[in-house]
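> The structure file protein19.cif (mmCIF, N, CA and C atoms) is provided below.
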```cif
data_data
loop_
_atom_site.group_PDB
_atom_site.id
_atom_site.type_symbol
_atom_site.label_atom_id
_atom_site.label_comp_id
_atom_site.auth_asym_id
_atom_site.auth_seq_id
_atom_site.Cartn_x
_atom_site.Cartn_y
_atom_site.Cartn_z
ATOM 1 N N MET T 497 6.805 9.693 -7.826
ATOM 2 C CA MET T 497 7.604 9.121 -6.773
ATOM 3 C C MET T 497 7.883 10.157 -5.681
ATOM 4 N N ARG T 498 8.261 11.344 -6.069
ATOM 5 C CA ARG T 498 8.598 12.324 -5.030
ATOM 6 C C ARG T 498 7.367 12.769 -4.239
ATOM 7 N N LEU T 499 6.170 12.563 -4.793
ATOM 8 C CA LEU T 499 4.953 12.923 -4.071
ATOM 9 C C LEU T 499 4.712 12.010 -2.864
ATOM 10 N N LEU T 500 5.381 10.872 -2.819
ATOM 11 C CA LEU T 500 5.264 9.988 -1.662
ATOM 12 C C LEU T 500 5.844 10.634 -0.407
ATOM 13 N N ASN T 501 6.665 11.670 -0.579
ATOM 14 C CA ASN T 501 7.273 12.378 0.552
ATOM 15 C C ASN T 501 6.655 13.753 0.782
ATOM 16 N N ASP T 502 5.546 14.031 0.140
ATOM 17 C CA ASP T 502 4.898 15.335 0.289
ATOM 18 C C ASP T 502 4.433 15.521 1.738
ATOM 19 N N PRO T 503 4.486 16.734 2.256
ATOM 20 C CA PRO T 503 4.047 16.966 3.638
ATOM 21 C C PRO T 503 2.538 16.784 3.838
ATOM 22 N N GLU T 504 1.751 16.884 2.783
ATOM 23 C CA GLU T 504 0.298 16.734 2.908
ATOM 24 C C GLU T 504 -0.096 15.269 2.777
ATOM 25 N N SER T 505 -0.840 14.766 3.740
ATOM 26 C CA SER T 505 -1.203 13.348 3.742
ATOM 27 C C SER T 505 -2.091 12.973 2.558
ATOM 28 N N TYR T 506 -2.970 13.878 2.121
ATOM 29 C CA TYR T 506 -3.837 13.542 0.995
ATOM 30 C C TYR T 506 -3.042 13.401 -0.298
ATOM 31 N N VAL T 507 -1.955 14.160 -0.433
ATOM 32 C CA VAL T 507 -1.104 14.048 -1.614
ATOM 33 C C VAL T 507 -0.351 12.715 -1.573
ATOM 34 N N ARG T 508 0.198 12.360 -0.400
ATOM 35 C CA ARG T 508 0.884 11.070 -0.267
ATOM 36 C C ARG T 508 -0.081 9.926 -0.536
ATOM 37 N N GLY T 509 -1.311 10.030 -0.028
ATOM 38 C CA GLY T 509 -2.301 8.978 -0.244
ATOM 39 C C GLY T 509 -2.649 8.803 -1.702
ATOM 40 N N THR T 510 -2.786 9.892 -2.412
ATOM 41 C CA THR T 510 -3.071 9.827 -3.841
ATOM 42 C C THR T 510 -1.909 9.186 -4.582
ATOM 43 N N ALA T 511 -0.692 9.522 -4.205
ATOM 44 C CA ALA T 511 0.489 8.937 -4.850
ATOM 45 C C ALA T 511 0.566 7.435 -4.588
ATOM 46 N N VAL T 512 0.242 7.022 -3.381
ATOM 47 C CA VAL T 512 0.287 5.598 -3.020
ATOM 48 C C VAL T 512 -0.732 4.801 -3.824
ATOM 49 N N ARG T 513 -1.874 5.388 -4.110
ATOM 50 C CA ARG T 513 -2.933 4.688 -4.840
ATOM 51 C C ARG T 513 -2.800 4.786 -6.360
ATOM 52 N N ASN T 514 -1.784 5.459 -6.847
ATOM 53 C CA ASN T 514 -1.598 5.623 -8.285
ATOM 54 C C ASN T 514 -1.247 4.276 -8.916
ATOM 55 N N PRO T 515 -2.038 3.795 -9.875
ATOM 56 C CA PRO T 515 -1.762 2.493 -10.489
ATOM 57 C C PRO T 515 -0.480 2.458 -11.323
ATOM 58 N N ARG T 516 0.098 3.606 -11.608
ATOM 59 C CA ARG T 516 1.352 3.636 -12.375
ATOM 60 C C ARG T 516 2.584 3.593 -11.482
ATOM 61 N N LEU T 517 2.387 3.462 -10.191
ATOM 62 C CA LEU T 517 3.499 3.365 -9.255
ATOM 63 C C LEU T 517 4.293 2.095 -9.556
ATOM 64 N N PRO T 518 5.612 2.168 -9.621
ATOM 65 C CA PRO T 518 6.405 0.966 -9.912
ATOM 66 C C PRO T 518 6.159 -0.136 -8.875
ATOM 67 N N ALA T 519 6.146 -1.373 -9.346
ATOM 68 C CA ALA T 519 5.851 -2.516 -8.479
ATOM 69 C C ALA T 519 6.809 -2.610 -7.300
ATOM 70 N N ARG T 520 8.079 -2.326 -7.510
ATOM 71 C CA ARG T 520 9.046 -2.429 -6.400
ATOM 72 C C ARG T 520 8.751 -1.388 -5.318
ATOM 73 N N VAL T 521 8.307 -0.214 -5.725
ATOM 74 C CA VAL T 521 7.962 0.833 -4.756
ATOM 75 C C VAL T 521 6.692 0.437 -4.010
ATOM 76 N N LEU T 522 5.707 -0.063 -4.737
ATOM 77 C CA LEU T 522 4.464 -0.502 -4.121
ATOM 78 C C LEU T 522 4.715 -1.636 -3.135
ATOM 79 N N ALA T 523 5.584 -2.569 -3.491
ATOM 80 C CA ALA T 523 5.915 -3.675 -2.585
ATOM 81 C C ALA T 523 6.520 -3.139 -1.292
ATOM 82 N N GLY T 524 7.389 -2.161 -1.403
ATOM 83 C CA GLY T 524 7.974 -1.557 -0.205
ATOM 84 C C GLY T 524 6.930 -0.880 0.666
ATOM 85 N N LEU T 525 5.979 -0.207 0.028
ATOM 86 C CA LEU T 525 4.908 0.457 0.769
ATOM 87 C C LEU T 525 4.005 -0.558 1.463
ATOM 88 N N LEU T 526 3.780 -1.696 0.824
ATOM 89 C CA LEU T 526 2.948 -2.741 1.416
ATOM 90 C C LEU T 526 3.622 -3.387 2.629
ATOM 91 N N HIS T 527 4.937 -3.391 2.645
ATOM 92 C CA HIS T 527 5.667 -3.991 3.766
ATOM 93 C C HIS T 527 5.926 -3.002 4.909
ATOM 94 N N ASP T 528 5.604 -1.760 4.711
ATOM 95 C CA ASP T 528 5.807 -0.734 5.742
ATOM 96 C C ASP T 528 4.504 -0.533 6.509
ATOM 97 N N ARG T 529 4.547 -0.686 7.820
ATOM 98 C CA ARG T 529 3.328 -0.558 8.632
ATOM 99 C C ARG T 529 2.667 0.810 8.495
ATOM 100 N N ASP T 530 3.446 1.833 8.255
ATOM 101 C CA ASP T 530 2.895 3.190 8.151
ATOM 102 C C ASP T 530 2.132 3.430 6.850
ATOM 103 N N THR T 531 2.437 2.656 5.816
ATOM 104 C CA THR T 531 1.818 2.905 4.515
ATOM 105 C C THR T 531 1.001 1.730 3.982
ATOM 106 N N ALA T 532 1.057 0.599 4.647
ATOM 107 C CA ALA T 532 0.411 -0.616 4.126
ATOM 108 C C ALA T 532 -1.097 -0.468 3.968
ATOM 109 N N CYS T 533 -1.763 0.147 4.924
ATOM 110 C CA CYS T 533 -3.228 0.266 4.853
ATOM 111 C C CYS T 533 -3.675 1.045 3.622
ATOM 112 N N GLU T 534 -2.935 2.042 3.274
ATOM 113 C CA GLU T 534 -3.301 2.829 2.090
ATOM 114 C C GLU T 534 -2.805 2.161 0.810
ATOM 115 N N ALA T 535 -1.627 1.552 0.866
ATOM 116 C CA ALA T 535 -1.052 0.925 -0.319
ATOM 117 C C ALA T 535 -1.887 -0.254 -0.813
ATOM 118 N N VAL T 536 -2.552 -0.933 0.103
ATOM 119 C CA VAL T 536 -3.341 -2.103 -0.294
ATOM 120 C C VAL T 536 -4.542 -1.706 -1.159
ATOM 121 N N THR T 537 -4.869 -0.437 -1.202
ATOM 122 C CA THR T 537 -5.978 0.032 -2.039
ATOM 123 C C THR T 537 -5.534 0.373 -3.461
ATOM 124 N N ASN T 538 -4.259 0.199 -3.757
ATOM 125 C CA ASN T 538 -3.759 0.489 -5.103
ATOM 126 C C ASN T 538 -4.380 -0.497 -6.091
ATOM 127 N N PRO T 539 -5.011 -0.005 -7.138
ATOM 128 C CA PRO T 539 -5.713 -0.888 -8.077
ATOM 129 C C PRO T 539 -4.802 -1.755 -8.937
ATOM 130 N N SER T 540 -3.508 -1.527 -8.924
ATOM 131 C CA SER T 540 -2.622 -2.332 -9.762
ATOM 132 C C SER T 540 -2.159 -3.618 -9.079
ATOM 133 N N ILE T 541 -2.551 -3.826 -7.838
ATOM 134 C CA ILE T 541 -2.172 -5.060 -7.141
ATOM 135 C C ILE T 541 -2.996 -6.211 -7.717
ATOM 136 N N PRO T 542 -2.325 -7.269 -8.184
ATOM 137 C CA PRO T 542 -3.067 -8.402 -8.741
ATOM 138 C C PRO T 542 -3.935 -9.087 -7.679
ATOM 139 N N VAL T 543 -5.068 -9.618 -8.098
ATOM 140 C CA VAL T 543 -6.014 -10.253 -7.172
ATOM 141 C C VAL T 543 -5.358 -11.369 -6.354
ATOM 142 N N PRO T 544 -4.541 -12.250 -6.937
ATOM 143 C CA PRO T 544 -3.907 -13.289 -6.109
ATOM 144 C C PRO T 544 -3.035 -12.712 -4.985
ATOM 145 N N VAL T 545 -2.386 -11.598 -5.259
ATOM 146 C CA VAL T 545 -1.574 -10.942 -4.230
ATOM 147 C C VAL T 545 -2.485 -10.400 -3.125
ATOM 148 N N LEU T 546 -3.602 -9.806 -3.506
ATOM 149 C CA LEU T 546 -4.559 -9.323 -2.503
ATOM 150 C C LEU T 546 -5.073 -10.472 -1.642
ATOM 151 N N HIS T 547 -5.318 -11.614 -2.253
ATOM 152 C CA HIS T 547 -5.779 -12.782 -1.482
ATOM 153 C C HIS T 547 -4.723 -13.211 -0.473
ATOM 154 N N ARG T 548 -3.449 -13.203 -0.866
ATOM 155 C CA ARG T 548 -2.372 -13.568 0.070
ATOM 156 C C ARG T 548 -2.269 -12.558 1.205
ATOM 157 N N ILE T 549 -2.420 -11.287 0.888
ATOM 158 C CA ILE T 549 -2.360 -10.249 1.919
ATOM 159 C C ILE T 549 -3.508 -10.430 2.917
ATOM 160 N N LEU T 550 -4.706 -10.666 2.398
ATOM 161 C CA LEU T 550 -5.868 -10.856 3.278
ATOM 162 C C LEU T 550 -5.728 -12.114 4.123
ATOM 163 N N ALA T 551 -5.218 -13.180 3.552
ATOM 164 C CA ALA T 551 -5.011 -14.430 4.311
ATOM 165 C C ALA T 551 -3.979 -14.223 5.413
ATOM 166 N N ALA T 552 -2.909 -13.542 5.105
ATOM 167 C CA ALA T 552 -1.888 -13.265 6.118
ATOM 168 C C ALA T 552 -2.438 -12.379 7.225
ATOM 169 N N SER T 553 -3.234 -11.399 6.849
ATOM 170 C CA SER T 553 -3.841 -10.518 7.840
ATOM 171 C C SER T 553 -4.801 -11.284 8.749
ATOM 172 N N ALA T 554 -5.628 -12.136 8.153
ATOM 173 C CA ALA T 554 -6.565 -12.941 8.951
ATOM 174 C C ALA T 554 -5.825 -13.882 9.889
ATOM 175 N N ALA T 555 -4.734 -14.468 9.415
ATOM 176 C CA ALA T 555 -3.942 -15.360 10.266
ATOM 177 C C ALA T 555 -3.309 -14.603 11.414
ATOM 178 N N ALA T 556 -2.845 -13.394 11.169
ATOM 179 C CA ALA T 556 -2.251 -12.584 12.226
ATOM 180 C C ALA T 556 -3.270 -12.212 13.289
ATOM 181 N N VAL T 557 -4.481 -11.884 12.863
ATOM 182 C CA VAL T 557 -5.550 -11.537 13.809
ATOM 183 C C VAL T 557 -5.933 -12.765 14.619
ATOM 184 N N ALA T 558 -6.044 -13.913 13.970
ATOM 185 C CA ALA T 558 -6.407 -15.155 14.674
ATOM 186 C C ALA T 558 -5.323 -15.554 15.680
ATOM 187 N N ALA T 559 -4.079 -15.306 15.354
ATOM 188 C CA ALA T 559 -2.970 -15.665 16.252
ATOM 189 C C ALA T 559 -2.959 -14.809 17.514
ATOM 190 N N ARG T 560 -3.481 -13.622 17.431
ATOM 191 C CA ARG T 560 -3.526 -12.714 18.590
ATOM 192 C C ARG T 560 -4.601 -13.104 19.585
ATOM 193 N N ARG T 561 -5.560 -13.905 19.166
ATOM 194 C CA ARG T 561 -6.675 -14.248 20.049
ATOM 195 C C ARG T 561 -6.353 -15.360 20.954
#
```
With the file now loaded, output its structure as structure tokens.

Amino acid sequence: MRLLNDPESYVRGTAVRNPRLPARVLAGLLHDRDTACEAVTNPSIPVPVLHRILAASAAAVAARR
């Protein structure tokens, strides 16, 4: 958990992708624009959740056009 605040970006990225990261922490990272792109690569995210994230992202892109 404390590695999420490390000054080195590669250390923070590794911490974000750790599958043992608590779900509540991962959810917070997914909702933060600064960490969402990296957090979505965490292997512990269930496939249905990934589908919802991708659908929401596609809808947001389509709405901008």
> Taking the file as shown, what set of residues would the PyMOL selection byres (((chain T and resi 521 and name CA) around 12) and name CA) give back, as an mmCIF file with N, CA and C atoms, keeping the file's coordinate frame?

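Result written to expr.cif:
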```cif
data_model
loop_
_atom_site.group_PDB
_atom_site.id
_atom_site.type_symbol
_atom_site.label_atom_id
_atom_site.label_comp_id
_atom_site.auth_asym_id
_atom_site.auth_seq_id
_atom_site.Cartn_x
_atom_site.Cartn_y
_atom_site.Cartn_z
ATOM 1 N N MET T 497 6.805 9.693 -7.826
ATOM 2 C CA MET T 497 7.604 9.121 -6.773
ATOM 3 C C MET T 497 7.883 10.157 -5.681
ATOM 4 N N ARG T 498 8.261 11.344 -6.069
ATOM 5 C CA ARG T 498 8.598 12.324 -5.030
ATOM 6 C C ARG T 498 7.367 12.769 -4.239
ATOM 7 N N LEU T 500 5.381 10.872 -2.819
ATOM 8 C CA LEU T 500 5.264 9.988 -1.662
ATOM 9 C C LEU T 500 5.844 10.634 -0.407
ATOM 10 N N ALA T 511 -0.692 9.522 -4.205
ATOM 11 C CA ALA T 511 0.489 8.937 -4.850
ATOM 12 C C ALA T 511 0.566 7.435 -4.588
ATOM 13 N N VAL T 512 0.242 7.022 -3.381
ATOM 14 C CA VAL T 512 0.287 5.598 -3.020
ATOM 15 C C VAL T 512 -0.732 4.801 -3.824
ATOM 16 N N ARG T 513 -1.874 5.388 -4.110
ATOM 17 C CA ARG T 513 -2.933 4.688 -4.840
ATOM 18 C C ARG T 513 -2.800 4.786 -6.360
ATOM 19 N N ASN T 514 -1.784 5.459 -6.847
ATOM 20 C CA ASN T 514 -1.598 5.623 -8.285
ATOM 21 C C ASN T 514 -1.247 4.276 -8.916
ATOM 22 N N PRO T 515 -2.038 3.795 -9.875
ATOM 23 C CA PRO T 515 -1.762 2.493 -10.489
ATOM 24 C C PRO T 515 -0.480 2.458 -11.323
ATOM 25 N N ARG T 516 0.098 3.606 -11.608
ATOM 26 C CA ARG T 516 1.352 3.636 -12.375
ATOM 27 C C ARG T 516 2.584 3.593 -11.482
ATOM 28 N N LEU T 517 2.387 3.462 -10.191
ATOM 29 C CA LEU T 517 3.499 3.365 -9.255
ATOM 30 C C LEU T 517 4.293 2.095 -9.556
ATOM 31 N N PRO T 518 5.612 2.168 -9.621
ATOM 32 C CA PRO T 518 6.405 0.966 -9.912
ATOM 33 C C PRO T 518 6.159 -0.136 -8.875
ATOM 34 N N ALA T 519 6.146 -1.373 -9.346
ATOM 35 C CA ALA T 519 5.851 -2.516 -8.479
ATOM 36 C C ALA T 519 6.809 -2.610 -7.300
ATOM 37 N N ARG T 520 8.079 -2.326 -7.510
ATOM 38 C CA ARG T 520 9.046 -2.429 -6.400
ATOM 39 C C ARG T 520 8.751 -1.388 -5.318
ATOM 40 N N LEU T 522 5.707 -0.063 -4.737
ATOM 41 C CA LEU T 522 4.464 -0.502 -4.121
ATOM 42 C C LEU T 522 4.715 -1.636 -3.135
ATOM 43 N N ALA T 523 5.584 -2.569 -3.491
ATOM 44 C CA ALA T 523 5.915 -3.675 -2.585
ATOM 45 C C ALA T 523 6.520 -3.139 -1.292
ATOM 46 N N GLY T 524 7.389 -2.161 -1.403
ATOM 47 C CA GLY T 524 7.974 -1.557 -0.205
ATOM 48 C C GLY T 524 6.930 -0.880 0.666
ATOM 49 N N LEU T 525 5.979 -0.207 0.028
ATOM 50 C CA LEU T 525 4.908 0.457 0.769
ATOM 51 C C LEU T 525 4.005 -0.558 1.463
ATOM 52 N N LEU T 526 3.780 -1.696 0.824
ATOM 53 C CA LEU T 526 2.948 -2.741 1.416
ATOM 54 C C LEU T 526 3.622 -3.387 2.629
ATOM 55 N N HIS T 527 4.937 -3.391 2.645
ATOM 56 C CA HIS T 527 5.667 -3.991 3.766
ATOM 57 C C HIS T 527 5.926 -3.002 4.909
ATOM 58 N N ASP T 528 5.604 -1.760 4.711
ATOM 59 C CA ASP T 528 5.807 -0.734 5.742
ATOM 60 C C ASP T 528 4.504 -0.533 6.509
ATOM 61 N N THR T 531 2.437 2.656 5.816
ATOM 62 C CA THR T 531 1.818 2.905 4.515
ATOM 63 C C THR T 531 1.001 1.730 3.982
ATOM 64 N N ALA T 532 1.057 0.599 4.647
ATOM 65 C CA ALA T 532 0.411 -0.616 4.126
ATOM 66 C C ALA T 532 -1.097 -0.468 3.968
ATOM 67 N N ALA T 535 -1.627 1.552 0.866
ATOM 68 C CA ALA T 535 -1.052 0.925 -0.319
ATOM 69 C C ALA T 535 -1.887 -0.254 -0.813
ATOM 70 N N ASN T 538 -4.259 0.199 -3.757
ATOM 71 C CA ASN T 538 -3.759 0.489 -5.103
ATOM 72 C C ASN T 538 -4.380 -0.497 -6.091
ATOM 73 N N ILE T 541 -2.551 -3.826 -7.838
ATOM 74 C CA ILE T 541 -2.172 -5.060 -7.141
ATOM 75 C C ILE T 541 -2.996 -6.211 -7.717
#
```
> Mind listing the helix (DSSP H, G or I) residues of chain T, per DSSP on the backbone, as a ChimeraX atom specification?
/T:498-501,505-512,519-527,532-535,543-560
> CA of Leu499 in chain T and atom N of Pro539 in chain T, how far apart in Å?
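The value is 16.6 Å.
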> Just give me the gap between atom N of Tyr506 in chain T and atom N of Leu550 in chain T in Å, one decimal is fine.
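Interatomic distance, atom N of Tyr506 in chain T to atom N of Leu550 in chain T: 24.6 Å.
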> Give me, please, the distance in Å between CA of Val545 in chain T and CA of Arg529 in chain T, quoted to one decimal.
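Atom-to-atom, CA of Val545 in chain T and CA of Arg529 in chain T are spaced 17.2 Å apart.
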> Which one of T:Ile549, T:Ala554, T:Glu534, T:Pro544 sits closest to Gly509 in chain T if you count all atoms listed in the file?
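So, comparing all the options, the nearest one is T:Glu534.
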